[in-house]
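Structure first, commentary second.
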Amino acid sequence: MAVDAQMGAPLGRVTEAAATAMATASVRLLTEAELSADGPSASLISKTQAALRRDIIRHHLTPGRRLKIQELTGRYGVGLSPIREALSLMCASGLVIREDRRGFRVAPVSLADYHDARLVLARLWYYAMTLSIANGDQAWEQRLVLALYRTLKFDWARAEREPELYREWDEAWRALQLEFVGGSGSPTLMAVIDTLLDRVERYRWLVPEVKTDSARDDRNHRAIVDAMVARDPDKLRLALSGYMGAGAVQRVAIEAKLQSR
């Protein structure tokens, strides 16, 4: 079964202005306490990597842009070492590329790359979900239901007034996607899917003007979780069919945007 990787837009009803506010709120000075005599701590590198990831996915750091380390130290309030470490780690994600003798650059976008990332994610995502149904334990079920609850209880009306809250939606949506495959029992498969989610999500941020129906997304998420908790592959197949169609308008808009570049 070919499952579309347009898995419910994380943008929801996020506006471009709200996205900018989210990015601004996410950039803060990282404390010197996270530095050790042996260099930057793993925590500092992880936080720097997360900030870079958000800015690349949301196109605050645009495709093809050179990533000047000195400039990024000022942007994120950290030293040279954590920036270098974070960029090196992100090369494996497909969001950053290293050029010989020229440093780092934001990976370009293209229609071919979009189709490739979406196709591979679709295949692996569905396969991992069936593994979760087969292998997931009760603790995974509880995490899955809790992740769903966080998305269902997100306060969209309040977020319209306080755009920084959209960051909570971003985190809740991402946690749910990862819990769909969290019972698979394969850390390698989960890591690959995590990386592919980043790549596909960046393409969705190419068209922030295309809004999604949050109520419909909630229904689709609930149907998927119900099927997984019931350990019913046939029910899951039906739930995914509804989920597949939800991203069609956005997918067409992304392809049109890429074809016009």
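In the structure tokens, the first chain shown is A, the next is B, and so on; residue numbers restart at 1 for each chain, and ligands run from 1 in the order shown.
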Neighbouring residues of Leu236 of chain A were defined as those with any atom within 6 Å, considering only C-alpha atoms; residues of the same chain fewer than 3 positions away were excluded. Please report them as a PDB file with C-alpha atoms, in the first residue's frame.
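Output contents, as saved in result_10.pdb:
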ATOM      1  CA  ILE A 224      -5.085   6.285  13.428  1.00  0.00           C
ATOM      2  CA  ALA A 227      -6.645   1.598  15.021  1.00  0.00           C
ATOM      3  CA  PRO A 233      -4.075  -3.398  10.556  1.00  0.00           C
ATOM      4  CA  ALA A 239      -7.585   5.471   8.734  1.00  0.00           C
TER       5      ALA A 239
END
*asked:* If we count only C-alpha atoms and set the cut-off at 8 Å, which residues sit around segment 186-195 of chain A, ignoring sequence neighbours fewer than 4 positions away in its own chain? Please answer as a ChimeraX atom specification.
replied: /A:93-94,121,124-125,128,178,181-182,199
*as number ranges by chain, which residues of segment 160-207 of chain A does DSSP assign to alpha helix (DSSP H)?*
A: 160-161, 166-180, 187-204
Now that the selection is made, can you save its residues with N, CA and C atoms as a short mmCIF file (atom, residue, chain, number, x, y, z; two decimals), in the first residue's frame?
data_model
loop_
_atom_site.label_atom_id
_atom_site.label_comp_id
_atom_site.auth_asym_id
_atom_site.auth_seq_id
_atom_site.Cartn_x
_atom_site.Cartn_y
_atom_site.Cartn_z
N GLU A 160 -3.87 32.21 18.51
CA GLU A 160 -4.07 33.35 17.62
C GLU A 160 -3.68 34.65 18.32
N ARG A 161 -3.92 34.69 19.63
CA ARG A 161 -3.58 35.89 20.42
C ARG A 161 -2.14 35.87 20.88
N TYR A 166 2.35 28.61 19.21
CA TYR A 166 2.39 27.68 18.08
C TYR A 166 3.58 26.73 18.19
N ARG A 167 4.57 27.14 18.95
CA ARG A 167 5.71 26.25 19.17
C ARG A 167 5.27 24.98 19.90
N GLU A 168 4.28 25.13 20.80
CA GLU A 168 3.75 23.97 21.50
C GLU A 168 3.06 23.01 20.53
N TRP A 169 2.35 23.59 19.54
CA TRP A 169 1.71 22.74 18.53
C TRP A 169 2.76 21.98 17.72
N ASP A 170 3.80 22.69 17.33
CA ASP A 170 4.88 22.08 16.56
C ASP A 170 5.44 20.88 17.30
N GLU A 171 5.69 21.06 18.60
CA GLU A 171 6.26 19.99 19.42
C GLU A 171 5.26 18.84 19.60
N ALA A 172 4.00 19.18 19.81
CA ALA A 172 2.97 18.15 20.02
C ALA A 172 2.75 17.33 18.75
N TRP A 173 2.69 18.01 17.60
CA TRP A 173 2.51 17.31 16.33
C TRP A 173 3.67 16.36 16.06
N ARG A 174 4.89 16.88 16.29
CA ARG A 174 6.07 16.07 16.02
C ARG A 174 6.12 14.86 16.95
N ALA A 175 5.77 15.05 18.20
CA ALA A 175 5.78 13.94 19.16
C ALA A 175 4.79 12.85 18.74
N LEU A 176 3.63 13.26 18.24
CA LEU A 176 2.64 12.27 17.81
C LEU A 176 3.14 11.48 16.61
N GLN A 177 3.72 12.17 15.63
CA GLN A 177 4.25 11.46 14.45
C GLN A 177 5.29 10.42 14.86
N LEU A 178 6.14 10.78 15.81
CA LEU A 178 7.19 9.85 16.24
C LEU A 178 6.63 8.70 17.07
N GLU A 179 5.57 8.96 17.84
CA GLU A 179 4.96 7.87 18.61
C GLU A 179 4.21 6.89 17.72
N PHE A 180 3.77 7.34 16.54
CA PHE A 180 3.16 6.40 15.60
C PHE A 180 4.12 5.24 15.33
N PRO A 187 15.31 1.30 16.72
CA PRO A 187 15.88 2.65 16.84
C PRO A 187 16.41 3.19 15.52
N THR A 188 16.97 2.31 14.69
CA THR A 188 17.50 2.75 13.39
C THR A 188 16.38 3.27 12.50
N LEU A 189 15.30 2.52 12.41
CA LEU A 189 14.15 2.92 11.60
C LEU A 189 13.57 4.23 12.11
N MET A 190 13.45 4.38 13.42
CA MET A 190 12.91 5.60 14.00
C MET A 190 13.79 6.80 13.71
N ALA A 191 15.11 6.61 13.75
CA ALA A 191 16.04 7.71 13.47
C ALA A 191 15.94 8.16 12.02
N VAL A 192 15.81 7.21 11.11
CA VAL A 192 15.68 7.56 9.69
C VAL A 192 14.39 8.32 9.45
N ILE A 193 13.30 7.87 10.06
CA ILE A 193 12.02 8.54 9.90
C ILE A 193 12.06 9.94 10.49
N ASP A 194 12.73 10.09 11.62
CA ASP A 194 12.89 11.41 12.24
C ASP A 194 13.55 12.38 11.26
N THR A 195 14.61 11.93 10.60
CA THR A 195 15.32 12.75 9.62
C THR A 195 14.44 13.07 8.42
N LEU A 196 13.71 12.09 7.93
CA LEU A 196 12.85 12.31 6.77
C LEU A 196 11.69 13.26 7.10
N LEU A 197 11.20 13.20 8.32
CA LEU A 197 10.16 14.14 8.74
C LEU A 197 10.65 15.58 8.62
N ASP A 198 11.90 15.81 9.03
CA ASP A 198 12.48 17.15 8.89
C ASP A 198 12.50 17.60 7.44
N ARG A 199 12.93 16.72 6.57
CA ARG A 199 13.05 17.08 5.15
C ARG A 199 11.70 17.40 4.54
N VAL A 200 10.70 16.56 4.81
CA VAL A 200 9.37 16.80 4.24
C VAL A 200 8.73 18.03 4.87
N GLU A 201 8.93 18.22 6.16
CA GLU A 201 8.35 19.38 6.84
C GLU A 201 8.89 20.68 6.25
N ARG A 202 10.15 20.73 5.86
CA ARG A 202 10.71 21.94 5.28
C ARG A 202 9.97 22.31 3.99
N TYR A 203 9.58 21.31 3.22
CA TYR A 203 8.83 21.60 2.00
C TYR A 203 7.44 22.15 2.32
N ARG A 204 6.83 21.68 3.39
CA ARG A 204 5.52 22.21 3.75
C ARG A 204 5.60 23.69 4.12
#
*asked:* Ranking A:Arg54, A:Arg158, A:Arg98, A:Lys47 by minimum distance to Leu67 of chain A and counting only C-alpha atoms, which one comes first?
replied: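 Once distances to Leu67 of chain A are computed over only C-alpha atoms, the minimum belongs to A:Arg98.
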*Contacts of Ile45 of chain A at 7 Å or less, counting only C-alpha atoms, minus same-chain residues fewer than 6 places along, as a list in words?*
Pro82, Glu85 and Ala86 of chain A
C-alpha atoms of the current selection, written as a compact mmCIF listing (two decimals), in the first residue's frame:
# COMPACT_ATOMS: atom_id res chain seq x y z
CA PRO A 82 29.01 24.40 19.23
CA GLU A 85 29.55 20.64 15.93
CA ALA A 86 25.84 21.29 15.28
Per-residue nearest contacts segment 121-227 of chain A to segment 251-259 of chain A, cut-off 10 Å, using only C-alpha atoms, as a Markdown table:
| residue | atom | partner | partner_atom | distance |
| --- | --- | --- | --- | --- |
| A:Tyr203 | CA | A:Ile254 | CA | 6.8 |
| A:Arg204 | CA | A:Ile254 | CA | 6.8 |
| A:Trp205 | CA | A:Ile254 | CA | 8.9 |
| A:Leu206 | CA | A:Ile254 | CA | 6.7 |
| A:Val207 | CA | A:Ile254 | CA | 6.3 |
| A:Pro208 | CA | A:Ile254 | CA | 9.9 |
| A:Glu209 | CA | A:Ala253 | CA | 9.6 |
| A:Val210 | CA | A:Ala253 | CA | 7.7 |
*Do you have the atom CA of His115 of chain A-atom CA of Cys91 of chain A distance handy?*
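That distance, rounded to one decimal, is 19.9 Å.
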*Counting only C-alpha atoms, what is within 9 Å of segment 68-70 of chain A, bar same-chain residues fewer than 2 positions away, as a ChimeraX atom specification?*
/A:66,72-75,79-80,83-84,103-105
